[in-house]
file model22.cif (mmCIF, N, CA and C atoms)
data_target
loop_
_atom_site.label_atom_id
_atom_site.label_comp_id
_atom_site.auth_asym_id
_atom_site.auth_seq_id
_atom_site.Cartn_x
_atom_site.Cartn_y
_atom_site.Cartn_z
N MET A 1 -110.91 -47.30 201.44
CA MET A 1 -111.21 -46.09 202.19
C MET A 1 -110.41 -44.90 201.64
N ASP A 2 -109.16 -45.16 201.30
CA ASP A 2 -108.33 -44.08 200.75
C ASP A 2 -108.87 -43.61 199.39
N GLU A 3 -109.39 -44.55 198.66
CA GLU A 3 -109.94 -44.20 197.36
C GLU A 3 -111.16 -43.28 197.51
N LEU A 4 -112.01 -43.57 198.49
CA LEU A 4 -113.18 -42.74 198.76
C LEU A 4 -112.76 -41.35 199.23
N LYS A 5 -111.75 -41.30 200.08
CA LYS A 5 -111.24 -40.02 200.56
C LYS A 5 -110.65 -39.21 199.40
N ASN A 6 -109.95 -39.87 198.51
CA ASN A 6 -109.34 -39.22 197.35
C ASN A 6 -110.43 -38.67 196.42
N LYS A 7 -111.50 -39.45 196.22
CA LYS A 7 -112.60 -38.99 195.38
C LYS A 7 -113.30 -37.78 196.01
N ALA A 8 -113.45 -37.79 197.33
CA ALA A 8 -114.09 -36.67 198.03
C ALA A 8 -113.25 -35.41 197.88
N GLU A 9 -111.94 -35.53 197.98
CA GLU A 9 -111.05 -34.37 197.80
C GLU A 9 -111.13 -33.84 196.36
N ASN A 10 -111.18 -34.75 195.40
CA ASN A 10 -111.31 -34.34 194.01
C ASN A 10 -112.64 -33.61 193.77
N LEU A 11 -113.69 -34.14 194.42
CA LEU A 11 -115.00 -33.52 194.28
C LEU A 11 -115.00 -32.11 194.86
N THR A 12 -114.41 -31.92 196.03
CA THR A 12 -114.36 -30.57 196.63
C THR A 12 -113.51 -29.63 195.78
N ASP A 13 -112.44 -30.16 195.17
CA ASP A 13 -111.63 -29.32 194.27
C ASP A 13 -112.46 -28.88 193.06
N HIS A 14 -113.21 -29.81 192.51
CA HIS A 14 -114.03 -29.49 191.35
C HIS A 14 -115.15 -28.50 191.71
N VAL A 15 -115.74 -28.67 192.88
CA VAL A 15 -116.81 -27.75 193.31
C VAL A 15 -116.24 -26.35 193.51
N SER A 16 -115.09 -26.25 194.14
CA SER A 16 -114.50 -24.92 194.33
C SER A 16 -114.11 -24.30 193.00
N ASP A 17 -113.59 -25.10 192.06
CA ASP A 17 -113.28 -24.58 190.72
C ASP A 17 -114.55 -24.13 190.01
N TYR A 18 -115.61 -24.92 190.15
CA TYR A 18 -116.89 -24.57 189.54
C TYR A 18 -117.42 -23.26 190.10
N LEU A 19 -117.39 -23.10 191.43
CA LEU A 19 -117.88 -21.87 192.04
C LEU A 19 -117.04 -20.66 191.63
N GLU A 20 -115.74 -20.85 191.56
CA GLU A 20 -114.86 -19.75 191.15
C GLU A 20 -115.13 -19.36 189.70
N THR A 21 -115.32 -20.33 188.84
CA THR A 21 -115.62 -20.06 187.43
C THR A 21 -116.98 -19.39 187.29
N TYR A 22 -117.95 -19.85 188.06
CA TYR A 22 -119.28 -19.25 188.02
C TYR A 22 -119.23 -17.79 188.47
N TYR A 23 -118.46 -17.52 189.52
CA TYR A 23 -118.30 -16.15 190.02
C TYR A 23 -117.66 -15.27 188.95
N LYS A 24 -116.61 -15.75 188.32
CA LYS A 24 -115.93 -14.98 187.28
C LYS A 24 -116.86 -14.73 186.09
N LEU A 25 -117.65 -15.74 185.72
CA LEU A 25 -118.60 -15.58 184.62
C LEU A 25 -119.67 -14.54 184.96
N THR A 26 -120.15 -14.55 186.19
CA THR A 26 -121.15 -13.57 186.62
C THR A 26 -120.58 -12.16 186.58
N VAL A 27 -119.37 -12.00 187.08
CA VAL A 27 -118.72 -10.68 187.04
C VAL A 27 -118.52 -10.23 185.60
N LEU A 28 -118.11 -11.13 184.74
CA LEU A 28 -117.89 -10.81 183.33
C LEU A 28 -119.19 -10.40 182.65
N ASN A 29 -120.26 -11.12 182.90
CA ASN A 29 -121.57 -10.78 182.32
C ASN A 29 -122.06 -9.42 182.81
N ALA A 30 -121.89 -9.16 184.12
CA ALA A 30 -122.31 -7.87 184.67
C ALA A 30 -121.48 -6.74 184.08
N THR A 31 -120.20 -6.96 183.91
CA THR A 31 -119.33 -5.95 183.32
C THR A 31 -119.72 -5.67 181.87
N GLU A 32 -120.02 -6.72 181.13
CA GLU A 32 -120.42 -6.56 179.73
C GLU A 32 -121.73 -5.77 179.62
N LYS A 33 -122.70 -6.09 180.46
CA LYS A 33 -123.97 -5.37 180.42
C LYS A 33 -123.79 -3.91 180.83
N THR A 34 -122.99 -3.68 181.84
CA THR A 34 -122.75 -2.31 182.29
C THR A 34 -122.05 -1.50 181.20
N ALA A 35 -121.06 -2.10 180.57
CA ALA A 35 -120.35 -1.41 179.49
C ALA A 35 -121.29 -1.12 178.32
N GLY A 36 -122.17 -2.06 178.00
CA GLY A 36 -123.13 -1.85 176.92
C GLY A 36 -124.10 -0.72 177.23
N ILE A 37 -124.61 -0.71 178.44
CA ILE A 37 -125.54 0.34 178.85
C ILE A 37 -124.83 1.69 178.88
N ALA A 38 -123.61 1.72 179.38
CA ALA A 38 -122.85 2.97 179.43
C ALA A 38 -122.57 3.51 178.04
N SER A 39 -122.20 2.62 177.12
CA SER A 39 -121.90 3.09 175.77
C SER A 39 -123.15 3.62 175.07
N VAL A 40 -124.27 2.95 175.27
CA VAL A 40 -125.52 3.43 174.67
C VAL A 40 -125.93 4.76 175.30
N SER A 41 -125.75 4.89 176.61
CA SER A 41 -126.11 6.13 177.29
C SER A 41 -125.24 7.29 176.83
N ILE A 42 -123.94 7.06 176.73
CA ILE A 42 -123.04 8.13 176.28
C ILE A 42 -123.36 8.53 174.84
N THR A 43 -123.63 7.55 174.01
CA THR A 43 -123.99 7.86 172.62
C THR A 43 -125.30 8.64 172.56
N ALA A 44 -126.28 8.26 173.36
CA ALA A 44 -127.57 8.96 173.37
C ALA A 44 -127.40 10.39 173.87
N ILE A 45 -126.56 10.59 174.87
CA ILE A 45 -126.32 11.95 175.38
C ILE A 45 -125.64 12.80 174.31
N PHE A 46 -124.66 12.22 173.62
CA PHE A 46 -123.96 12.95 172.56
C PHE A 46 -124.91 13.32 171.42
N ILE A 47 -125.72 12.36 170.99
CA ILE A 47 -126.68 12.63 169.92
C ILE A 47 -127.71 13.67 170.38
N GLY A 48 -128.17 13.56 171.62
CA GLY A 48 -129.11 14.54 172.15
C GLY A 48 -128.52 15.94 172.17
N PHE A 49 -127.24 16.05 172.52
CA PHE A 49 -126.54 17.33 172.52
C PHE A 49 -126.48 17.91 171.11
N LEU A 50 -126.18 17.07 170.13
CA LEU A 50 -126.14 17.54 168.74
C LEU A 50 -127.53 17.93 168.24
N VAL A 51 -128.54 17.16 168.60
CA VAL A 51 -129.92 17.50 168.21
C VAL A 51 -130.32 18.83 168.82
N LEU A 52 -129.89 19.08 170.05
CA LEU A 52 -130.19 20.35 170.70
C LEU A 52 -129.61 21.52 169.89
N PHE A 53 -128.37 21.39 169.44
CA PHE A 53 -127.77 22.45 168.63
C PHE A 53 -128.47 22.60 167.28
N VAL A 54 -128.84 21.49 166.67
CA VAL A 54 -129.55 21.57 165.39
C VAL A 54 -130.87 22.30 165.58
N LEU A 55 -131.61 21.95 166.63
CA LEU A 55 -132.88 22.64 166.89
C LEU A 55 -132.67 24.11 167.21
N LEU A 56 -131.62 24.42 167.95
CA LEU A 56 -131.35 25.81 168.31
C LEU A 56 -131.06 26.65 167.07
N PHE A 57 -130.12 26.19 166.26
CA PHE A 57 -129.74 26.99 165.10
C PHE A 57 -130.82 26.99 164.01
N SER A 58 -131.49 25.89 163.82
CA SER A 58 -132.59 25.90 162.85
C SER A 58 -133.73 26.77 163.35
N GLY A 59 -133.95 26.79 164.66
CA GLY A 59 -134.97 27.67 165.23
C GLY A 59 -134.63 29.13 164.99
N PHE A 60 -133.36 29.50 165.19
CA PHE A 60 -132.94 30.87 164.90
C PHE A 60 -133.13 31.19 163.41
N GLY A 61 -132.72 30.25 162.56
CA GLY A 61 -132.84 30.48 161.12
C GLY A 61 -134.27 30.64 160.69
N PHE A 62 -135.14 29.74 161.14
CA PHE A 62 -136.56 29.85 160.77
C PHE A 62 -137.18 31.11 161.35
N SER A 63 -136.77 31.49 162.55
CA SER A 63 -137.31 32.70 163.16
C SER A 63 -136.96 33.93 162.34
N TRP A 64 -135.70 34.03 161.92
CA TRP A 64 -135.31 35.16 161.08
C TRP A 64 -136.03 35.12 159.73
N TRP A 65 -136.15 33.94 159.17
CA TRP A 65 -136.82 33.80 157.88
C TRP A 65 -138.29 34.22 157.97
N ILE A 66 -138.96 33.72 158.99
CA ILE A 66 -140.37 34.09 159.20
C ILE A 66 -140.48 35.58 159.49
N GLY A 67 -139.55 36.09 160.31
CA GLY A 67 -139.57 37.52 160.64
C GLY A 67 -139.40 38.39 159.42
N LYS A 68 -138.50 38.03 158.52
CA LYS A 68 -138.32 38.81 157.29
C LYS A 68 -139.54 38.67 156.38
N ALA A 69 -140.15 37.49 156.38
CA ALA A 69 -141.31 37.27 155.52
C ALA A 69 -142.51 38.11 155.96
N ILE A 70 -142.66 38.32 157.26
CA ILE A 70 -143.80 39.11 157.76
C ILE A 70 -143.38 40.53 158.15
N ASP A 71 -142.11 40.88 157.89
CA ASP A 71 -141.56 42.20 158.21
C ASP A 71 -141.67 42.53 159.70
N ASN A 72 -141.49 41.51 160.53
CA ASN A 72 -141.52 41.72 161.98
C ASN A 72 -140.66 40.62 162.62
N MET A 73 -139.43 40.98 162.99
CA MET A 73 -138.51 39.97 163.54
C MET A 73 -139.02 39.39 164.85
N ILE A 74 -139.56 40.22 165.70
CA ILE A 74 -140.07 39.73 166.99
C ILE A 74 -141.22 38.75 166.75
N GLY A 75 -142.08 39.07 165.80
CA GLY A 75 -143.18 38.17 165.46
C GLY A 75 -142.68 36.83 164.95
N GLY A 76 -141.59 36.84 164.17
CA GLY A 76 -141.01 35.59 163.68
C GLY A 76 -140.53 34.71 164.82
N PHE A 77 -139.90 35.33 165.83
CA PHE A 77 -139.43 34.55 166.98
C PHE A 77 -140.60 34.02 167.80
N PHE A 78 -141.66 34.81 167.94
CA PHE A 78 -142.82 34.32 168.68
C PHE A 78 -143.55 33.20 167.93
N ILE A 79 -143.61 33.30 166.62
CA ILE A 79 -144.22 32.21 165.84
C ILE A 79 -143.41 30.93 166.01
N MET A 80 -142.09 31.05 165.96
CA MET A 80 -141.24 29.86 166.14
C MET A 80 -141.39 29.29 167.54
N ALA A 81 -141.50 30.17 168.53
CA ALA A 81 -141.74 29.70 169.90
C ALA A 81 -143.07 28.95 169.99
N GLY A 82 -144.07 29.43 169.27
CA GLY A 82 -145.36 28.74 169.23
C GLY A 82 -145.25 27.36 168.59
N ILE A 83 -144.44 27.27 167.54
CA ILE A 83 -144.22 25.96 166.90
C ILE A 83 -143.56 25.00 167.88
N TYR A 84 -142.55 25.53 168.62
CA TYR A 84 -141.89 24.67 169.62
C TYR A 84 -142.87 24.26 170.73
N LEU A 85 -143.73 25.17 171.14
CA LEU A 85 -144.74 24.81 172.15
C LEU A 85 -145.70 23.75 171.62
N LEU A 86 -146.02 23.82 170.34
CA LEU A 86 -146.86 22.80 169.72
C LEU A 86 -146.16 21.43 169.77
N PHE A 87 -144.86 21.41 169.44
CA PHE A 87 -144.09 20.16 169.52
C PHE A 87 -144.06 19.62 170.96
N ILE A 88 -143.87 20.51 171.92
CA ILE A 88 -143.85 20.09 173.32
C ILE A 88 -145.20 19.51 173.72
N GLY A 89 -146.28 20.14 173.26
CA GLY A 89 -147.62 19.63 173.56
C GLY A 89 -147.86 18.25 172.97
N VAL A 90 -147.42 18.04 171.74
CA VAL A 90 -147.59 16.73 171.10
C VAL A 90 -146.79 15.67 171.86
N ILE A 91 -145.56 16.01 172.22
CA ILE A 91 -144.74 15.07 173.00
C ILE A 91 -145.38 14.78 174.34
N PHE A 92 -145.92 15.82 175.00
CA PHE A 92 -146.57 15.64 176.30
C PHE A 92 -147.80 14.75 176.19
N ILE A 93 -148.55 14.91 175.13
CA ILE A 93 -149.77 14.11 174.95
C ILE A 93 -149.43 12.64 174.70
N PHE A 94 -148.42 12.38 173.89
CA PHE A 94 -148.09 11.00 173.51
C PHE A 94 -147.01 10.36 174.37
N ARG A 95 -146.59 10.99 175.46
CA ARG A 95 -145.48 10.46 176.26
C ARG A 95 -145.81 9.13 176.93
N LYS A 96 -147.00 8.97 177.45
CA LYS A 96 -147.35 7.74 178.16
C LYS A 96 -147.69 6.59 177.23
N LYS A 97 -148.27 6.91 176.09
CA LYS A 97 -148.74 5.87 175.19
C LYS A 97 -147.64 5.36 174.26
N TYR A 98 -146.78 6.25 173.78
CA TYR A 98 -145.79 5.85 172.78
C TYR A 98 -144.34 6.06 173.23
N ILE A 99 -144.03 7.19 173.81
CA ILE A 99 -142.64 7.54 174.09
C ILE A 99 -142.08 6.73 175.27
N ALA A 100 -142.78 6.73 176.40
CA ALA A 100 -142.29 6.01 177.57
C ALA A 100 -142.16 4.50 177.32
N PRO A 101 -143.16 3.84 176.70
CA PRO A 101 -142.97 2.41 176.42
C PRO A 101 -141.79 2.13 175.48
N PHE A 102 -141.58 3.00 174.49
CA PHE A 102 -140.46 2.82 173.58
C PHE A 102 -139.13 2.90 174.33
N ILE A 103 -138.99 3.89 175.20
CA ILE A 103 -137.75 4.05 175.97
C ILE A 103 -137.58 2.88 176.93
N ARG A 104 -138.66 2.49 177.60
CA ARG A 104 -138.60 1.38 178.54
C ARG A 104 -138.19 0.08 177.84
N ASP A 105 -138.80 -0.20 176.70
CA ASP A 105 -138.47 -1.42 175.97
C ASP A 105 -137.05 -1.40 175.45
N PHE A 106 -136.58 -0.23 175.04
CA PHE A 106 -135.21 -0.10 174.56
C PHE A 106 -134.21 -0.39 175.68
N ILE A 107 -134.48 0.14 176.88
CA ILE A 107 -133.58 -0.09 178.02
C ILE A 107 -133.60 -1.56 178.41
N ILE A 108 -134.77 -2.17 178.46
CA ILE A 108 -134.86 -3.59 178.81
C ILE A 108 -134.15 -4.44 177.79
N GLN A 109 -134.29 -4.09 176.51
CA GLN A 109 -133.61 -4.84 175.45
C GLN A 109 -132.10 -4.75 175.61
N LYS A 110 -131.59 -3.57 175.97
CA LYS A 110 -130.14 -3.41 176.15
C LYS A 110 -129.65 -4.16 177.38
N ILE A 111 -130.47 -4.25 178.41
CA ILE A 111 -130.05 -4.98 179.62
C ILE A 111 -129.95 -6.47 179.35
N TYR A 112 -130.91 -7.03 178.62
CA TYR A 112 -130.92 -8.47 178.36
C TYR A 112 -130.21 -8.87 177.10
N GLU A 113 -129.56 -7.94 176.42
CA GLU A 113 -128.86 -8.23 175.18
C GLU A 113 -127.58 -8.99 175.45
#

call {"tool": "encode", "arguments": {"input": "model22.cif", "output": "structure tokens"}}
result
Amino acid sequence: MDELKNKAENLTDHVSDYLETYYKLTVLNATEKTAGIASVSITAIFIGFLVLFVLLFSGFGFSWWIGKAIDNMIGGFFIMAGIYLLFIGVIFIFRKKYIAPFIRDFIIQKIYE
């Protein structure tokens, strides 16, 4: 009888150790995924910020260049604005078919990585 009682105590010790280890593993996995998503998000925000500046300054440069080429600075800026509107239209047209699925798949891939 004592042997059975001893085995039952050992079993409860092992179960509690197992549950504690499982809990720690779950917390560790959640922390790793959160850190991965945060690092990708911060990197994407930083790159987006840099792309914004590149587009801004290249837009100014092309506007001045076009304006000097047609001898009308205001016209150069309006032509560049039209080019940007064209880009926005293309992005708007393809957002559901190509852009949104790409972003969704990228996020899902990072979550399950």

call {"tool": "closest_residue", "arguments": {"input": "model22.cif", "among": "A:Glu3, A:Ala69, A:Tyr84, A:Glu113", "to": "Ala30 (chain A)", "atoms": "only C-alpha atoms"}}
result
A:Glu113

call {"tool": "resolve_selection", "arguments": {"input": "model22.cif", "expression": "the PyMOL selection byres (((chain A and resi 54-63 and name CA) around 12) and name CA)", "output": "MDAnalysis selection string"}}
result
chainID A and resid 47:53 64:84 87

call {"tool": "write_last_selection", "arguments": {"input": "model22.cif", "atoms": "N, CA and C atoms", "output": "short mmCIF file (atom, residue, chain, number, x, y, z; two decimals), keeping the file's coordinate frame"}}
result
data_model
loop_
_atom_site.label_atom_id
_atom_site.label_comp_id
_atom_site.auth_asym_id
_atom_site.auth_seq_id
_atom_site.Cartn_x
_atom_site.Cartn_y
_atom_site.Cartn_z
N ILE A 47 -125.72 12.36 170.99
CA ILE A 47 -126.68 12.63 169.92
C ILE A 47 -127.71 13.67 170.38
N GLY A 48 -128.17 13.56 171.62
CA GLY A 48 -129.11 14.54 172.15
C GLY A 48 -128.52 15.94 172.17
N PHE A 49 -127.24 16.05 172.52
CA PHE A 49 -126.54 17.33 172.52
C PHE A 49 -126.48 17.91 171.11
N LEU A 50 -126.18 17.07 170.13
CA LEU A 50 -126.14 17.54 168.74
C LEU A 50 -127.53 17.93 168.24
N VAL A 51 -128.54 17.16 168.60
CA VAL A 51 -129.92 17.50 168.21
C VAL A 51 -130.32 18.83 168.82
N LEU A 52 -129.89 19.08 170.05
CA LEU A 52 -130.19 20.35 170.70
C LEU A 52 -129.61 21.52 169.89
N PHE A 53 -128.37 21.39 169.44
CA PHE A 53 -127.77 22.45 168.63
C PHE A 53 -128.47 22.60 167.28
N TRP A 64 -135.70 34.03 161.92
CA TRP A 64 -135.31 35.16 161.08
C TRP A 64 -136.03 35.12 159.73
N TRP A 65 -136.15 33.94 159.17
CA TRP A 65 -136.82 33.80 157.88
C TRP A 65 -138.29 34.22 157.97
N ILE A 66 -138.96 33.72 158.99
CA ILE A 66 -140.37 34.09 159.20
C ILE A 66 -140.48 35.58 159.49
N GLY A 67 -139.55 36.09 160.31
CA GLY A 67 -139.57 37.52 160.64
C GLY A 67 -139.40 38.39 159.42
N LYS A 68 -138.50 38.03 158.52
CA LYS A 68 -138.32 38.81 157.29
C LYS A 68 -139.54 38.67 156.38
N ALA A 69 -140.15 37.49 156.38
CA ALA A 69 -141.31 37.27 155.52
C ALA A 69 -142.51 38.11 155.96
N ILE A 70 -142.66 38.32 157.26
CA ILE A 70 -143.80 39.11 157.76
C ILE A 70 -143.38 40.53 158.15
N ASP A 71 -142.11 40.88 157.89
CA ASP A 71 -141.56 42.20 158.21
C ASP A 71 -141.67 42.53 159.70
N ASN A 72 -141.49 41.51 160.53
CA ASN A 72 -141.52 41.72 161.98
C ASN A 72 -140.66 40.62 162.62
N MET A 73 -139.43 40.98 162.99
CA MET A 73 -138.51 39.97 163.54
C MET A 73 -139.02 39.39 164.85
N ILE A 74 -139.56 40.22 165.70
CA ILE A 74 -140.07 39.73 166.99
C ILE A 74 -141.22 38.75 166.75
N GLY A 75 -142.08 39.07 165.80
CA GLY A 75 -143.18 38.17 165.46
C GLY A 75 -142.68 36.83 164.95
N GLY A 76 -141.59 36.84 164.17
CA GLY A 76 -141.01 35.59 163.68
C GLY A 76 -140.53 34.71 164.82
N PHE A 77 -139.90 35.33 165.83
CA PHE A 77 -139.43 34.55 166.98
C PHE A 77 -140.60 34.02 167.80
N PHE A 78 -141.66 34.81 167.94
CA PHE A 78 -142.82 34.32 168.68
C PHE A 78 -143.55 33.20 167.93
N ILE A 79 -143.61 33.30 166.62
CA ILE A 79 -144.22 32.21 165.84
C ILE A 79 -143.41 30.93 166.01
N MET A 80 -142.09 31.05 165.96
CA MET A 80 -141.24 29.86 166.14
C MET A 80 -141.39 29.29 167.54
N ALA A 81 -141.50 30.17 168.53
CA ALA A 81 -141.74 29.70 169.90
C ALA A 81 -143.07 28.95 169.99
N GLY A 82 -144.07 29.43 169.27
CA GLY A 82 -145.36 28.74 169.23
C GLY A 82 -145.25 27.36 168.59
N ILE A 83 -144.44 27.27 167.54
CA ILE A 83 -144.22 25.96 166.90
C ILE A 83 -143.56 25.00 167.88
N TYR A 84 -142.55 25.53 168.62
CA TYR A 84 -141.89 24.67 169.62
C TYR A 84 -142.87 24.26 170.73
N PHE A 87 -144.86 21.41 169.44
CA PHE A 87 -144.09 20.16 169.52
C PHE A 87 -144.06 19.62 170.96
#

call {"tool": "atom_distance", "arguments": {"input": "model22.cif", "atom1": "atom C of Gly36 (chain A)", "atom2": "atom C of Phe102 (chain A)"}}
result
15.7 Å

call {"tool": "atom_distance", "arguments": {"input": "model22.cif", "atom1": "atom C of Ile99 (chain A)", "atom2": "CA of Ala38 (chain A)"}}
result
20.0 Å

call {"tool": "atom_distance", "arguments": {"input": "model22.cif", "atom1": "CA of Ile88 (chain A)", "atom2": "CA of Val40 (chain A)"}}
result
24.8 Å

call {"tool": "axis_aligned_box", "arguments": {"input": "model22.cif", "around": "region 85-90 of chain A", "padding_each_side": "5 Å", "output": "lines of an AutoDock Vina configuration file"}}
result
center_x = -145.8
center_y = 20.4
center_z = 171.6
size_x = 14.1
size_y = 19.5
size_z = 14.3

call {"tool": "closest_residue", "arguments": {"input": "model22.cif", "among": "A:Val27, A:Val15, A:Ile93, A:Ile37", "to": "Ile111 (chain A)", "atoms": "only N, CA and C atoms"}}
result
A:Ile37

call {"tool": "closest_residue", "arguments": {"input": "model22.cif", "among": "A:His14, A:Ser39, A:Gly89, A:Leu25", "to": "Lys110 (chain A)", "atoms": "only C-alpha atoms"}}
result
A:Ser39

call {"tool": "build_atoms", "arguments": {"input": "model22.cif", "residues": "region 34-51 of chain A", "atoms": "N, CA, C and O atoms", "output": "mmCIF file, in the frame of the given file"}}
result
data_model
loop_
_atom_site.group_PDB
_atom_site.id
_atom_site.type_symbol
_atom_site.label_atom_id
_atom_site.label_comp_id
_atom_site.auth_asym_id
_atom_site.auth_seq_id
_atom_site.Cartn_x
_atom_site.Cartn_y
_atom_site.Cartn_z
ATOM 1 N N THR A 34 -122.990 -3.680 181.840
ATOM 2 C CA THR A 34 -122.750 -2.310 182.290
ATOM 3 C C THR A 34 -122.050 -1.500 181.200
ATOM 4 O O THR A 34 -122.405 -0.343 180.956
ATOM 5 N N ALA A 35 -121.060 -2.100 180.570
ATOM 6 C CA ALA A 35 -120.350 -1.410 179.490
ATOM 7 C C ALA A 35 -121.290 -1.120 178.320
ATOM 8 O O ALA A 35 -121.227 -0.037 177.715
ATOM 9 N N GLY A 36 -122.170 -2.060 178.000
ATOM 10 C CA GLY A 36 -123.130 -1.850 176.920
ATOM 11 C C GLY A 36 -124.100 -0.720 177.230
ATOM 12 O O GLY A 36 -124.361 0.138 176.385
ATOM 13 N N ILE A 37 -124.610 -0.710 178.440
ATOM 14 C CA ILE A 37 -125.540 0.340 178.850
ATOM 15 C C ILE A 37 -124.830 1.690 178.880
ATOM 16 O O ILE A 37 -125.382 2.705 178.434
ATOM 17 N N ALA A 38 -123.610 1.720 179.380
ATOM 18 C CA ALA A 38 -122.850 2.970 179.430
ATOM 19 C C ALA A 38 -122.570 3.510 178.040
ATOM 20 O O ALA A 38 -122.700 4.708 177.784
ATOM 21 N N SER A 39 -122.200 2.620 177.120
ATOM 22 C CA SER A 39 -121.900 3.090 175.770
ATOM 23 C C SER A 39 -123.150 3.620 175.070
ATOM 24 O O SER A 39 -123.097 4.638 174.385
ATOM 25 N N VAL A 40 -124.270 2.950 175.270
ATOM 26 C CA VAL A 40 -125.520 3.430 174.670
ATOM 27 C C VAL A 40 -125.930 4.760 175.300
ATOM 28 O O VAL A 40 -126.370 5.680 174.611
ATOM 29 N N SER A 41 -125.750 4.890 176.610
ATOM 30 C CA SER A 41 -126.110 6.130 177.290
ATOM 31 C C SER A 41 -125.240 7.290 176.830
ATOM 32 O O SER A 41 -125.755 8.388 176.563
ATOM 33 N N ILE A 42 -123.940 7.060 176.730
ATOM 34 C CA ILE A 42 -123.040 8.130 176.280
ATOM 35 C C ILE A 42 -123.360 8.530 174.840
ATOM 36 O O ILE A 42 -123.385 9.716 174.506
ATOM 37 N N THR A 43 -123.630 7.550 174.010
ATOM 38 C CA THR A 43 -123.990 7.860 172.620
ATOM 39 C C THR A 43 -125.300 8.640 172.560
ATOM 40 O O THR A 43 -125.407 9.610 171.793
ATOM 41 N N ALA A 44 -126.280 8.260 173.360
ATOM 42 C CA ALA A 44 -127.570 8.960 173.370
ATOM 43 C C ALA A 44 -127.400 10.390 173.870
ATOM 44 O O ALA A 44 -128.023 11.321 173.322
ATOM 45 N N ILE A 45 -126.560 10.590 174.870
ATOM 46 C CA ILE A 45 -126.320 11.950 175.380
ATOM 47 C C ILE A 45 -125.640 12.800 174.310
ATOM 48 O O ILE A 45 -126.002 13.956 174.085
ATOM 49 N N PHE A 46 -124.660 12.220 173.620
ATOM 50 C CA PHE A 46 -123.960 12.950 172.560
ATOM 51 C C PHE A 46 -124.910 13.320 171.420
ATOM 52 O O PHE A 46 -124.914 14.456 170.944
ATOM 53 N N ILE A 47 -125.720 12.360 170.990
ATOM 54 C CA ILE A 47 -126.680 12.630 169.920
ATOM 55 C C ILE A 47 -127.710 13.670 170.380
ATOM 56 O O ILE A 47 -128.084 14.568 169.625
ATOM 57 N N GLY A 48 -128.170 13.560 171.620
ATOM 58 C CA GLY A 48 -129.110 14.540 172.150
ATOM 59 C C GLY A 48 -128.520 15.940 172.170
ATOM 60 O O GLY A 48 -129.197 16.936 171.871
ATOM 61 N N PHE A 49 -127.240 16.050 172.520
ATOM 62 C CA PHE A 49 -126.540 17.330 172.520
ATOM 63 C C PHE A 49 -126.480 17.910 171.110
ATOM 64 O O PHE A 49 -126.742 19.107 170.904
ATOM 65 N N LEU A 50 -126.180 17.070 170.130
ATOM 66 C CA LEU A 50 -126.140 17.540 168.740
ATOM 67 C C LEU A 50 -127.530 17.930 168.240
ATOM 68 O O LEU A 50 -127.670 18.926 167.522
ATOM 69 N N VAL A 51 -128.540 17.160 168.600
ATOM 70 C CA VAL A 51 -129.920 17.500 168.210
ATOM 71 C C VAL A 51 -130.320 18.830 168.820
ATOM 72 O O VAL A 51 -131.006 19.643 168.170
#
